[in-house]
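Visitor: Here you go, this is input_8.txt (compact mmCIF, C-alpha atoms).
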# COMPACT_ATOMS: atom_id res chain seq x y z
CA MET Q 95 -56.14 32.07 69.32
CA SER Q 96 -59.84 32.22 70.13
CA GLY Q 97 -61.72 29.41 71.83
CA LEU Q 98 -63.50 28.64 68.57
CA GLU Q 99 -60.22 28.36 66.68
CA GLN Q 100 -58.89 26.03 69.38
CA ARG Q 101 -62.02 23.87 69.06
CA LEU Q 102 -61.59 23.70 65.28
CA HIS Q 103 -57.99 22.51 65.67
CA GLU Q 104 -59.19 19.82 68.09
CA LEU Q 105 -62.00 18.93 65.68
CA GLY Q 106 -59.43 18.29 62.96
CA ARG Q 107 -57.66 15.77 65.20
CA GLU Q 108 -60.95 14.02 65.88
CA LEU Q 109 -61.95 13.53 62.23
CA ALA Q 110 -62.25 10.07 60.71
CA PHE Q 111 -60.20 10.32 57.53
CA PRO Q 112 -60.16 7.29 55.22
CA PRO Q 113 -57.01 5.14 55.50
CA GLU Q 114 -54.10 6.85 53.78
CA PRO Q 115 -53.09 5.01 50.62
CA ASP Q 116 -49.43 4.30 49.83
CA LEU Q 117 -48.94 6.35 46.69
CA VAL Q 118 -45.25 5.64 46.29
CA PRO Q 119 -45.34 2.69 43.84
CA ARG Q 120 -47.72 4.41 41.41
CA VAL Q 121 -46.01 7.79 41.70
CA LEU Q 122 -42.62 6.26 40.98
CA ALA Q 123 -44.05 4.26 38.07
CA GLY Q 124 -45.49 7.51 36.71
CA ALA Q 125 -42.19 9.32 37.22
CA ARG Q 126 -40.28 6.53 35.42
CA GLY Q 127 -42.81 6.42 32.61
CA ARG Q 128 -42.31 9.99 31.59
CA PRO Q 129 -38.87 11.48 31.21
CA PHE Q 130 -38.60 14.93 32.67
CA PRO Q 131 -38.73 17.16 29.63
CA TRP Q 132 -38.80 20.69 30.95
CA ARG Q 133 -35.24 21.95 30.87
CA ALA Q 134 -34.32 20.64 27.47
CA ALA Q 135 -37.48 21.88 25.84
CA ALA Q 136 -37.99 25.16 27.62
CA LEU Q 137 -36.56 27.35 24.92
CA ALA Q 138 -37.81 25.49 21.90
CA PHE Q 139 -40.11 27.61 19.82
CA ALA Q 140 -40.69 25.53 16.75
CA VAL Q 141 -44.10 24.13 16.04
CA VAL Q 142 -43.98 20.38 16.47
CA ALA Q 143 -46.42 18.88 14.07
CA VAL Q 144 -47.01 15.34 15.24
CA ALA Q 145 -45.59 13.30 18.07
CA VAL Q 146 -46.18 9.68 18.99
CA ALA Q 147 -48.86 9.42 21.63
CA THR Q 148 -47.25 6.99 24.02
CA ALA Q 149 -44.09 9.01 24.32
CA PHE Q 150 -46.01 11.69 26.18
CA ALA Q 151 -48.62 9.69 28.00
CA VAL Q 152 -48.40 9.14 31.72
CA PRO Q 153 -49.41 5.51 32.41
CA GLN Q 154 -52.16 6.56 34.81
CA ALA Q 155 -53.55 9.20 32.48
CA ARG Q 156 -57.19 8.50 31.82
CA SER Q 157 -57.06 9.79 28.27
CA ALA Q 158 -54.47 8.83 25.71
CA ILE Q 159 -52.65 11.70 24.06
CA LEU Q 160 -53.09 11.26 20.34
CA ARG Q 161 -51.00 14.13 19.05
CA PHE Q 162 -48.95 16.92 20.56
CA PHE Q 163 -48.23 20.44 19.29
CA HIS Q 164 -46.66 23.52 20.74
CA VAL Q 165 -46.19 27.11 19.78
CA GLY Q 166 -44.14 29.44 21.98
CA GLY Q 167 -45.35 29.09 25.54
CA ALA Q 168 -48.39 27.02 24.59
CA SER Q 169 -48.80 23.32 24.11
CA VAL Q 170 -51.76 21.57 22.53
CA GLU Q 171 -52.45 17.90 23.12
CA LEU Q 172 -55.04 16.09 21.06
CA VAL Q 173 -56.71 13.49 23.30
CA ASP Q 174 -59.57 11.03 22.93
CA THR Q 175 -61.57 12.40 25.87
CA LEU Q 176 -61.33 15.71 27.69
CA PRO Q 177 -60.73 15.79 31.46
CA PRO Q 178 -63.38 17.30 33.75
CA ALA Q 179 -63.29 21.07 33.38
CA ALA Q 180 -65.31 24.03 34.52
CA GLU Q 181 -67.25 25.89 31.87
CA ARG Q 182 -66.72 29.61 32.18
CA THR Q 183 -68.15 32.81 30.84
CA GLN Q 184 -65.87 34.44 28.33
CA ALA Q 185 -64.21 36.67 30.94
CA GLY Q 186 -64.48 34.15 33.77
CA GLY Q 187 -61.30 32.79 35.34
CA LEU Q 188 -59.11 35.38 33.70
CA GLY Q 189 -57.91 36.95 36.90
CA ARG Q 190 -58.48 40.40 38.34
CA PRO Q 191 -59.40 43.31 36.03
CA ARG Q 192 -56.93 46.19 36.11
CA THR Q 193 -56.16 49.28 34.07
CA LEU Q 194 -53.89 48.57 31.12
CA ALA Q 195 -51.00 50.36 32.85
CA GLU Q 196 -51.45 48.32 36.05
CA ALA Q 197 -51.67 45.11 34.07
CA GLU Q 198 -48.48 45.95 32.15
CA ARG Q 199 -46.61 46.61 35.39
CA ARG Q 200 -47.83 43.29 36.74
CA VAL Q 201 -46.84 41.16 33.77
CA GLY Q 202 -43.72 43.16 32.93
CA PHE Q 203 -44.31 43.64 29.21
CA ARG Q 204 -46.23 46.01 26.97
CA ILE Q 205 -49.62 44.57 26.09
CA LEU Q 206 -49.98 44.34 22.33
CA LEU Q 207 -53.32 45.43 20.90
CA PRO Q 208 -54.80 45.26 17.43
CA LYS Q 209 -56.09 48.39 15.80
CA VAL Q 210 -59.78 48.08 16.61
CA ASP Q 211 -62.54 50.66 16.93
CA HIS Q 212 -62.84 50.44 20.71
CA ARG Q 213 -59.52 50.26 22.48
CA PRO Q 214 -60.00 48.24 25.71
CA ARG Q 215 -59.41 50.11 28.96
CA ARG Q 216 -59.14 47.12 31.24
CA ALA Q 217 -56.96 44.03 31.19
CA TYR Q 218 -57.26 40.88 33.28
CA VAL Q 219 -54.16 39.32 34.78
CA ILE Q 220 -53.71 35.72 35.92
CA GLY Q 221 -50.97 35.47 38.54
CA SER Q 222 -48.17 37.62 37.22
CA SER Q 223 -47.99 36.00 33.83
CA VAL Q 224 -50.96 36.24 31.53
CA ALA Q 225 -52.67 39.46 30.42
CA THR Q 226 -56.03 39.27 28.67
CA VAL Q 227 -58.13 41.97 27.05
CA LEU Q 228 -61.67 41.75 25.71
CA LEU Q 229 -62.18 43.13 22.22
CA ARG Q 230 -65.20 43.62 19.96
CA SER Q 231 -64.50 42.63 16.40
CA HIS Q 232 -66.54 41.18 13.53
CA GLY Q 233 -69.66 41.45 15.70
CA ALA Q 234 -68.21 39.12 18.34
CA THR Q 235 -66.53 39.46 21.71
CA VAL Q 236 -62.99 38.22 21.37
CA LEU Q 237 -60.43 37.38 24.05
CA LEU Q 238 -56.81 38.27 23.40
CA SER Q 239 -54.38 36.73 25.92
CA GLU Q 240 -50.64 37.38 25.97
CA PHE Q 241 -47.75 35.98 27.96
CA GLU Q 242 -44.02 35.71 27.73
CA SER Q 243 -42.90 32.42 26.23
CA TYR Q 244 -41.33 31.17 29.45
CA GLY Q 245 -41.88 27.50 28.76
CA GLU Q 246 -43.69 25.37 26.28
CA GLU Q 247 -46.31 24.24 28.78
CA ALA Q 248 -47.04 27.67 30.22
CA LEU Q 249 -50.43 27.35 28.60
CA LYS Q 250 -51.77 23.90 28.00
CA LYS Q 251 -54.77 23.05 25.87
CA LEU Q 252 -56.34 19.64 25.52
CA ALA Q 253 -58.49 19.17 22.47
CA VAL Q 254 -60.59 16.21 21.38
CA ASN Q 255 -60.02 14.50 18.09
CA LYS Q 256 -62.77 16.32 16.24
CA THR Q 257 -60.91 19.60 16.73
CA VAL Q 258 -59.13 20.71 13.56
CA ILE Q 259 -55.59 21.86 14.37
CA GLU Q 260 -53.82 23.61 11.54
CA ALA Q 261 -50.40 25.25 11.33
CA VAL Q 262 -50.65 28.87 10.16
CA ARG Q 263 -48.33 31.86 9.68
CA VAL Q 264 -48.95 35.33 11.10
CA ASP Q 265 -46.55 37.86 9.58
CA GLY Q 266 -44.07 35.05 9.08
CA ALA Q 267 -44.31 33.75 12.66
CA HIS Q 268 -45.50 30.28 13.61
CA GLY Q 269 -49.06 29.81 14.74
CA LEU Q 270 -51.78 27.23 15.28
CA TRP Q 271 -55.48 27.46 14.42
CA LEU Q 272 -57.90 25.32 16.47
CA GLU Q 273 -61.42 24.99 15.18
CA GLY Q 274 -64.43 22.77 15.66
CA GLY Q 275 -64.45 20.88 18.93
CA PRO Q 276 -64.40 22.11 22.51
CA HIS Q 277 -61.10 22.08 24.34
CA THR Q 278 -59.81 22.66 27.85
CA LEU Q 279 -57.34 25.31 28.77
CA SER Q 280 -54.98 25.51 31.74
CA TRP Q 281 -52.12 27.79 32.66
CA ILE Q 282 -48.87 27.45 34.49
CA ASP Q 283 -48.10 30.58 36.42
CA ARG Q 284 -44.58 31.98 36.22
CA GLU Q 285 -44.52 32.97 39.89
CA SER Q 286 -45.90 29.87 41.53
CA GLY Q 287 -44.43 27.50 38.96
CA TYR Q 288 -47.52 25.38 38.71
CA ARG Q 289 -51.17 26.06 38.26
CA GLU Q 290 -53.64 23.90 36.52
CA ARG Q 291 -57.29 24.74 36.63
CA PRO Q 292 -58.79 23.60 33.35
CA VAL Q 293 -61.66 25.51 31.86
CA LEU Q 294 -63.76 24.41 28.93
CA VAL Q 295 -63.53 26.57 25.82
CA ARG Q 296 -65.97 26.30 22.92
CA GLY Q 297 -64.78 29.12 20.64
CA ASN Q 298 -62.17 28.84 17.91
CA VAL Q 299 -58.63 29.76 18.87
CA LEU Q 300 -55.56 31.18 17.14
CA LEU Q 301 -52.16 30.84 18.84
CA TRP Q 302 -49.13 32.66 17.50
CA LEU Q 303 -45.81 34.29 18.39
CA HIS Q 304 -45.00 37.97 18.32
CA ASP Q 305 -41.88 39.68 19.73
CA GLY Q 306 -41.16 37.02 22.37
CA LEU Q 307 -44.79 36.82 23.44
CA THR Q 308 -47.22 33.99 22.87
CA LEU Q 309 -50.62 35.34 21.88
CA ARG Q 310 -53.96 33.61 21.98
CA LEU Q 311 -57.13 34.85 20.33
CA GLU Q 312 -60.42 33.19 21.24
CA GLY Q 313 -63.91 33.83 19.95
CA ARG Q 314 -66.59 32.89 17.47
CA LEU Q 315 -64.44 33.84 14.54
CA SER Q 316 -63.55 32.25 11.22
CA LYS Q 317 -59.89 31.54 10.54
CA ALA Q 318 -59.72 34.44 8.08
CA GLN Q 319 -61.22 36.84 10.65
CA ALA Q 320 -58.84 35.67 13.39
CA LEU Q 321 -55.81 36.03 11.11
CA GLU Q 322 -56.95 39.50 10.09
CA ILE Q 323 -57.09 40.61 13.75
CA ALA Q 324 -53.76 38.91 14.51
CA ARG Q 325 -52.02 40.77 11.66
CA ARG Q 326 -53.24 44.09 13.10
CA VAL Q 327 -51.71 43.40 16.53
CA ARG Q 328 -48.81 45.72 17.26
CA MET N 58 -23.48 7.11 59.98
CA ASP N 59 -24.87 9.11 57.05
CA ARG N 60 -26.78 12.18 58.14
CA PRO N 61 -30.35 12.44 56.83
CA LEU N 62 -30.67 14.70 53.80
CA ASP N 63 -32.53 17.94 54.29
CA GLU N 64 -35.41 18.89 52.06
CA ALA N 65 -33.47 21.21 49.78
CA GLU N 66 -30.91 18.47 49.10
CA LEU N 67 -33.66 15.94 48.41
CA VAL N 68 -35.36 18.33 45.99
CA GLU N 69 -32.07 19.03 44.23
CA ARG N 70 -31.36 15.32 43.88
CA ALA N 71 -34.90 14.61 42.66
CA ARG N 72 -34.53 17.44 40.16
CA ARG N 73 -31.44 15.68 38.79
CA GLY N 74 -33.41 12.44 38.37
CA ASP N 75 -32.76 10.68 41.70
CA LEU N 76 -36.00 8.74 42.22
CA ALA N 77 -34.98 7.58 45.71
CA ALA N 78 -34.89 11.23 46.78
CA TRP N 79 -38.31 11.82 45.25
CA GLU N 80 -39.63 8.71 47.03
CA THR N 81 -38.47 10.13 50.37
CA LEU N 82 -40.34 13.37 49.66
CA VAL N 83 -43.48 11.54 48.52
CA ARG N 84 -43.47 9.47 51.74
CA ARG N 85 -43.00 12.65 53.77
CA TYR N 86 -45.96 14.47 52.23
CA GLN N 87 -48.37 11.83 50.95
CA GLY N 88 -50.42 11.87 54.17
CA ILE N 89 -51.16 15.59 54.18
CA ALA N 90 -51.55 15.51 50.38
CA PHE N 91 -54.24 12.82 50.62
CA ARG N 92 -56.09 14.50 53.49
CA THR N 93 -56.05 17.86 51.69
CA ALA N 94 -57.35 16.24 48.52
CA TYR N 95 -60.02 14.40 50.51
CA VAL N 96 -61.30 17.56 52.17
CA LEU N 97 -61.44 19.41 48.84
CA ALA N 98 -62.60 16.63 46.49
CA GLY N 99 -65.07 15.07 48.94
CA ASN N 100 -64.37 11.45 48.02
CA ALA N 101 -61.62 9.02 49.01
CA ALA N 102 -61.14 7.48 45.54
CA ASP N 103 -60.92 10.89 43.87
CA ALA N 104 -58.60 12.13 46.61
CA GLU N 105 -56.24 9.19 46.08
CA GLU N 106 -56.15 9.78 42.34
CA ALA N 107 -55.71 13.53 42.80
CA ALA N 108 -52.80 13.11 45.23
CA GLN N 109 -51.16 10.50 43.00
CA ASP N 110 -51.46 12.64 39.85
CA ALA N 111 -50.27 15.67 41.77
CA PHE N 112 -47.02 13.94 42.78
CA ILE N 113 -46.46 12.78 39.19
CA LYS N 114 -47.07 16.29 37.85
CA ALA N 115 -44.96 17.84 40.57
CA HIS N 116 -42.09 15.56 39.58
CA ARG N 117 -42.43 16.71 35.99
CA ALA N 118 -42.51 20.34 37.16
CA LEU N 119 -39.52 20.16 39.54
CA GLY N 120 -37.44 22.10 37.03
CA ARG N 121 -39.71 25.09 37.62
CA PHE N 122 -39.64 24.80 41.43
CA ARG N 123 -37.87 27.84 42.86
CA ARG N 124 -34.66 26.81 44.65
CA GLY N 125 -34.80 27.49 48.37
CA ALA N 126 -38.60 27.80 48.47
CA ALA N 127 -40.66 25.58 50.78
CA LEU N 128 -41.77 22.43 49.01
CA LYS N 129 -44.96 21.78 50.98
CA PRO N 130 -47.00 24.84 49.87
CA TRP N 131 -45.95 24.24 46.26
CA LEU N 132 -46.98 20.60 46.45
CA LEU N 133 -50.26 21.43 48.16
CA ARG N 134 -51.12 23.89 45.44
CA ILE N 135 -50.77 21.14 42.83
CA VAL N 136 -52.68 18.67 45.00
CA ALA N 137 -55.49 21.17 45.58
CA ASN N 138 -55.79 21.95 41.88
CA GLU N 139 -56.03 18.25 41.07
CA ALA N 140 -58.60 17.77 43.86
CA ARG N 141 -60.75 20.70 42.75
CA ASN N 142 -60.80 19.30 39.22
CA ARG N 143 -62.45 16.20 40.67
CA ARG N 144 -64.65 17.98 43.16
CA ARG N 145 -68.05 16.51 43.88
CA SER N 146 -71.10 18.71 44.35
CA ALA N 147 -71.93 19.36 47.99
CA ALA N 148 -74.85 16.90 47.81
CA ARG N 149 -72.62 14.06 46.53
CA ARG N 150 -69.67 14.74 48.81
CA GLU N 151 -68.78 12.33 51.57
CA ARG N 152 -69.46 14.10 54.86
CA LEU N 153 -66.61 14.56 57.29
CA THR N 154 -67.26 12.47 60.37
CA LEU N 155 -65.82 12.15 63.85
CA ARG N 156 -63.71 9.18 64.80
CA ALA N 157 -64.94 6.71 67.42
CA ALA N 158 -64.52 8.17 70.90
CA GLU N 159 -62.17 5.36 72.02
CA GLY N 160 -59.71 6.15 69.25
CA ILE N 161 -59.63 9.84 70.11
CA ALA N 162 -59.07 9.10 73.79
CA ARG N 163 -56.32 6.61 72.95
CA ASP N 164 -54.52 9.05 70.64
CA ALA N 165 -54.83 11.78 73.25
CA GLY N 166 -53.11 9.51 75.77
CA LEU N 167 -56.22 9.11 77.89
CA ASN N 168 -57.61 5.87 79.32
CA ARG N 169 -54.24 4.65 80.53
CA PRO N 170 -54.30 2.76 83.80
CA GLY N 171 -54.33 5.26 86.62
CA ASP N 172 -55.23 8.24 84.41
CA ALA N 173 -58.18 10.41 85.24
CA VAL N 174 -60.74 9.98 82.46
CA PRO N 175 -63.64 12.27 81.74
CA SER N 176 -66.99 11.09 83.03
CA PRO N 177 -69.18 9.38 80.41
CA GLU N 178 -71.58 12.36 80.59
CA ALA N 179 -68.79 14.90 80.04
CA ALA N 180 -67.35 12.87 77.15
CA LEU N 181 -70.79 12.62 75.54
CA LEU N 182 -71.43 16.34 75.86
CA ALA N 183 -68.01 17.19 74.41
CA ARG N 184 -68.62 14.86 71.51
CA GLU N 185 -72.06 16.31 70.81
CA SER N 186 -70.58 19.78 70.91
CA GLN N 187 -67.88 18.86 68.40
CA GLY N 188 -70.52 17.16 66.24
CA ARG N 189 -72.50 20.40 66.12
CA LEU N 190 -69.37 22.34 65.23
CA LEU N 191 -68.58 19.91 62.41
CA ALA N 192 -72.14 20.22 61.07
CA ALA N 193 -71.80 24.01 61.17
CA VAL N 194 -68.53 23.80 59.22
CA GLU N 195 -70.25 21.65 56.58
CA ARG N 196 -73.01 24.27 56.23
CA LEU N 197 -70.53 27.05 55.39
CA SER N 198 -70.21 28.31 51.83
CA GLU N 199 -67.67 26.40 49.77
CA GLU N 200 -64.95 29.07 50.00
CA HIS N 201 -65.38 29.49 53.76
CA ARG N 202 -65.49 25.74 54.35
CA ASP N 203 -62.32 25.19 52.31
CA ALA N 204 -60.47 27.91 54.22
CA VAL N 205 -61.55 26.53 57.61
CA ALA N 206 -60.78 22.96 56.58
CA CYS N 207 -57.27 23.78 55.36
CA ARG N 208 -56.26 26.19 58.12
CA TYR N 209 -57.84 24.54 61.16
CA LEU N 210 -58.90 20.96 60.40
CA LEU N 211 -55.74 20.12 58.45
CA GLU N 212 -53.65 22.54 60.52
CA LEU N 213 -51.94 24.10 57.52
CA SER N 214 -50.15 27.40 58.00
CA GLU N 215 -51.64 30.55 56.48
CA GLU N 216 -49.04 30.37 53.71
CA GLU N 217 -49.88 26.73 52.98
CA THR N 218 -53.61 27.47 53.06
CA ALA N 219 -53.11 30.35 50.62
CA ALA N 220 -51.11 28.10 48.31
CA ALA N 221 -53.64 25.27 48.47
CA LEU N 222 -56.55 27.56 47.73
CA GLY N 223 -54.70 29.66 45.15
CA ILE N 224 -55.40 32.91 47.01
CA ARG N 225 -53.33 35.52 48.85
CA LYS N 226 -52.55 35.31 52.56
CA GLY N 227 -54.63 38.42 53.16
CA THR N 228 -57.60 36.74 51.51
CA VAL N 229 -57.09 33.68 53.72
CA LYS N 230 -57.26 35.93 56.80
CA SER N 231 -60.40 37.71 55.65
CA ARG N 232 -62.15 34.48 54.64
CA LEU N 233 -61.30 32.87 57.96
CA SER N 234 -62.54 35.90 59.87
CA ARG N 235 -65.87 35.83 58.05
CA ALA N 236 -66.10 32.04 58.37
CA LEU N 237 -65.55 32.23 62.14
CA ASP N 238 -68.29 34.87 62.38
CA ARG N 239 -70.66 32.58 60.46
CA LEU N 240 -69.78 29.64 62.68
CA ARG N 241 -70.41 31.66 65.85
CA GLU N 242 -73.75 32.85 64.49
CA SER N 243 -74.70 29.33 63.50
CA LEU N 244 -73.77 27.85 66.89
CA GLU N 245 -75.51 30.65 68.79
CA ALA N 246 -78.67 30.19 66.73
CA GLU N 247 -78.70 26.50 67.65
CA ALA N 248 -78.13 27.24 71.31
If you convert what's in this file into structure tokens, what do you get?

Guide:
Amino acid sequence: MSGLEQRLHELGRELAFPPEPDLVPRVLAGARGRPFPWRAAALAFAVVAVAVATAFAVPQARSAILRFFHVGGASVELVDTLPPAAERTQAGGLGRPRTLAEAERRVGFRILLPKVDHRPRRAYVIGSSVATVLLRSHGATVLLSEFESYGEEALKKLAVNKTVIEAVRVDGAHGLWLEGGPHTLSWIDRESGYRERPVLVRGNVLLWLHDGLTLRLEGRLSKAQALEIARRVR
Amino acid sequence: MDRPLDEAELVERARRGDLAAWETLVRRYQGIAFRTAYVLAGNAADAEEAAQDAFIKAHRALGRFRRGAALKPWLLRIVANEARNRRRSAARRERLTLRAAEGIARDAGLNRPGDAVPSPEAALLARESQGRLLAAVERLSEEHRDAVACRYLLELSEEETAAALGIRKGTVKSRLSRALDRLRESLEAEA
């Protein structure tokens, strides 16, 4: 260890941190307030239309959950106010770009693509779970993200009340269409088990299931345009 | 006498709904969780809320915790994510400060009757030197400052630092190497 590293360690011991709060009472109240839902719900794939807000709300949560939906590995909670979230460019926060073959090896499944004029050559991968490609369609740049449905909160979206959330069908499979308001998006990584880094999304979004994958299409698209692209995904 | 439960047993019990086991784990890690959140969020109130929410979310996510893995890096990753979501801009962040000299000497076991104590001049020089080092740390870019704060100031391991910052261990090493270079340059320029 260098002299500078040694000095930094000593500096850490000399810092004036604020008094440490006792978190136990509030943490236990929070733990009691919300039954642990993961195991029982992990393999449920049905779209839940409406759930009572208080059943899902953590007492300390700053924003009440008004309604709750999920499709495959994604959950959508309608809330009265969005939490703080970073605004990103369309490809920002999607992980490292790789060739399609590299990305498929990383996530362990074949990346489904719609028949579009320009087949993407690169895919972005978050952790080892979520593959995303950028497409051009209907004059817009569109994000297509795919991940195995390894849990209903693998992808979590919070939307404000002015967002229209509508159940749709894509080739007979369940889906959700989100249109209108901004929403935040966060992922849970399969490898690390937990990852929440919300980003703010302003485009419309289609979520649907296909061959054990949850797919998410995001862009400035109408519902009809999004469904048309989704039906061409193979 | 009952033997104390090891961490894996506590996690397993907490996973099955034993809140007393979870309480033991929260007490064990709430200090480092709060300090990590404070360094990253830059505000005591936000750090407290971040650490609290992180423990609640971690409890909900225990079913996804890999059996046999170390709990601390996993917890710190959740804490750090919560803290970053509340992060203040550099201008609005509370600055890290040094403790009063008497407290440091007391904790270090100095100033006991009969002990040799540093001369007032030497103590003052050492304190000024550490003050300059702290100021140099605060001037680093955000990613370098976070790496230095986690690895050195909070004395996290490389694995824990990587987990807290959501990066690979190799990236931790390279960031720290560059950050140390910047610190040396900064201190030399002042000298």

Visitor: With a cut-off of 7 Å, could you pull out the residues of chain N touching chain Q and give me the nearest pair of atoms for each, distance in Å to one decimal, using all atoms listed in the file, ordered by chain and ascending number, as a tab-separated table?

Guide:
residue	atom	partner	partner_atom	distance
N:Glu80	CA	Q:Val118	CA	6.4
N:Val83	CA	Q:Val118	CA	6.6
N:Arg84	CA	Q:Val118	CA	6.9
N:Gln87	CA	Q:Leu117	CA	7.0
N:Gly88	CA	Q:Glu114	CA	6.2
N:Phe91	CA	Q:Glu114	CA	6.8
N:Ala101	CA	Q:Pro112	CA	6.6
N:Glu105	CA	Q:Pro115	CA	6.9
N:Gln109	CA	Q:Val121	CA	6.0
N:Phe112	CA	Q:Val121	CA	6.3
N:Ile113	CA	Q:Val121	CA	5.6
N:His116	CA	Q:Ala125	CA	6.7
N:Arg117	CA	Q:Phe130	CA	5.4
N:Gly120	CA	Q:Trp132	CA	6.4
N:Arg121	CA	Q:Gly287	CA	5.5
N:Phe122	CA	Q:Gly287	CA	6.0
N:Ile135	CA	Q:Arg289	CA	6.7
N:Asn138	CA	Q:Glu290	CA	6.1
N:Asn142	CA	Q:Pro178	CA	6.4
N:Leu153	CA	Q:Leu109	CA	6.9
N:Thr154	CA	Q:Ala110	CA	5.6
N:Leu155	CA	Q:Leu109	CA	4.4
N:Arg156	CA	Q:Ala110	CA	4.4
N:Ile161	CA	Q:Glu108	CA	6.1
N:Gln187	CA	Q:Leu105	CA	6.5
N:Tyr209	CA	Q:His103	CA	4.9
N:Leu210	CA	Q:Gly106	CA	3.7
N:Leu211	CA	Q:Gly106	CA	6.1
N:Glu212	CA	Q:His103	CA	6.7

Visitor: So that I can see what lies close to region 215-220 of chain N, please list as an mmCIF file with C-alpha atoms, keeping the file's coordinate frame the residues with an atom at most 7 Å from it, counting all atoms listed in the file and leaving out residues fewer than 4 positions away in the same chain.

Guide:
data_model
loop_
_atom_site.group_PDB
_atom_site.id
_atom_site.type_symbol
_atom_site.label_atom_id
_atom_site.label_comp_id
_atom_site.auth_asym_id
_atom_site.auth_seq_id
_atom_site.Cartn_x
_atom_site.Cartn_y
_atom_site.Cartn_z
ATOM 1 C CA PRO N 130 -47.000 24.840 49.870
ATOM 2 C CA TRP N 131 -45.950 24.240 46.260
ATOM 3 C CA LEU N 133 -50.260 21.430 48.160
ATOM 4 C CA ARG N 134 -51.120 23.890 45.440
ATOM 5 C CA ALA N 204 -60.470 27.910 54.220
ATOM 6 C CA CYS N 207 -57.270 23.780 55.360
ATOM 7 C CA ARG N 208 -56.260 26.190 58.120
ATOM 8 C CA ILE N 224 -55.400 32.910 47.010
ATOM 9 C CA ARG N 225 -53.330 35.520 48.850
ATOM 10 C CA LYS N 226 -52.550 35.310 52.560
ATOM 11 C CA VAL N 229 -57.090 33.680 53.720
#

Visitor: Using all atoms listed in the file, which of N:Leu132, N:Leu76, N:Leu119, N:Val68 sits nearest Thr93 (chain N)?

Guide: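 Using all atoms listed in the file, the shortest distance to Thr93 (chain N) belongs to N:Leu132.
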
Visitor: So which residues touch region 203-215 of chain Q within 12 Å, counting all atoms listed in the file, skipping near sequence neighbours fewer than 5 positions away, as a PyMOL selection string?

Guide: chain Q and resi 191-198+222-233+235-243+303-311+320-328

Visitor: Keeping only C-alpha atoms, take the residues you just selected and write them out as a tab-separated table (two decimals), in the coordinates of the input.

Guide:
chain	number	residue	atom	x	y	z
Q	191	PRO	CA	-59.40	43.31	36.03
Q	192	ARG	CA	-56.93	46.19	36.11
Q	193	THR	CA	-56.16	49.28	34.07
Q	194	LEU	CA	-53.89	48.57	31.12
Q	195	ALA	CA	-51.00	50.36	32.85
Q	196	GLU	CA	-51.45	48.32	36.05
Q	197	ALA	CA	-51.67	45.11	34.07
Q	198	GLU	CA	-48.48	45.95	32.15
Q	222	SER	CA	-48.17	37.62	37.22
Q	223	SER	CA	-47.99	36.00	33.83
Q	224	VAL	CA	-50.96	36.24	31.53
Q	225	ALA	CA	-52.67	39.46	30.42
Q	226	THR	CA	-56.03	39.27	28.67
Q	227	VAL	CA	-58.13	41.97	27.05
Q	228	LEU	CA	-61.67	41.75	25.71
Q	229	LEU	CA	-62.18	43.13	22.22
Q	230	ARG	CA	-65.20	43.62	19.96
Q	231	SER	CA	-64.50	42.63	16.40
Q	232	HIS	CA	-66.54	41.18	13.53
Q	233	GLY	CA	-69.66	41.45	15.70
Q	235	THR	CA	-66.53	39.46	21.71
Q	236	VAL	CA	-62.99	38.22	21.37
Q	237	LEU	CA	-60.43	37.38	24.05
Q	238	LEU	CA	-56.81	38.27	23.40
Q	239	SER	CA	-54.38	36.73	25.92
Q	240	GLU	CA	-50.64	37.38	25.97
Q	241	PHE	CA	-47.75	35.98	27.96
Q	242	GLU	CA	-44.02	35.71	27.73
Q	243	SER	CA	-42.90	32.42	26.23
Q	303	LEU	CA	-45.81	34.29	18.39
Q	304	HIS	CA	-45.00	37.97	18.32
Q	305	ASP	CA	-41.88	39.68	19.73
Q	306	GLY	CA	-41.16	37.02	22.37
Q	307	LEU	CA	-44.79	36.82	23.44
Q	308	THR	CA	-47.22	33.99	22.87
Q	309	LEU	CA	-50.62	35.34	21.88
Q	310	ARG	CA	-53.96	33.61	21.98
Q	311	LEU	CA	-57.13	34.85	20.33
Q	320	ALA	CA	-58.84	35.67	13.39
Q	321	LEU	CA	-55.81	36.03	11.11
Q	322	GLU	CA	-56.95	39.50	10.09
Q	323	ILE	CA	-57.09	40.61	13.75
Q	324	ALA	CA	-53.76	38.91	14.51
Q	325	ARG	CA	-52.02	40.77	11.66
Q	326	ARG	CA	-53.24	44.09	13.10
Q	327	VAL	CA	-51.71	43.40	16.53
Q	328	ARG	CA	-48.81	45.72	17.26

Visitor: For the atom pair CA of Ala261 (chain Q) and CA of Leu315 (chain Q), what is the interatomic distance in Å to one decimal place?

Guide: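 Answer for the CA of Ala261 (chain Q) to CA of Leu315 (chain Q) separation: 16.8 Å.
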
Visitor: For a test of reading the model, state the distance in Å between CA of Arg123 (chain N) and CA of Glu69 (chain N), rounded to one decimal.

Guide: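 About the pair CA of Arg123 (chain N) and CA of Glu69 (chain N): they are 10.6 Å apart.
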
Visitor: What is the CA of Ala234 (chain Q) to CA of Ala318 (chain Q) distance in Å?

Guide: 14.1 Å

Visitor: Kindly provide, as a list in words, the polymer residues lying within 7 Å of (-56.9, 20.3, 14.2), counting all atoms listed in the file and using the coordinates exactly as they appear in the file.

Guide: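 Those within range, by chain then number, are Thr257, Val258, Ile259, Glu260, Leu272 and Glu273 of chain Q.
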
Visitor: With C-alpha atoms retained, write the just-selected residues as a CSV table (one decimal), in the frame of the given file.

Guide:
chain,number,residue,atom,x,y,z
Q,257,THR,CA,-60.9,19.6,16.7
Q,258,VAL,CA,-59.1,20.7,13.6
Q,259,ILE,CA,-55.6,21.9,14.4
Q,260,GLU,CA,-53.8,23.6,11.5
Q,272,LEU,CA,-57.9,25.3,16.5
Q,273,GLU,CA,-61.4,25.0,15.2
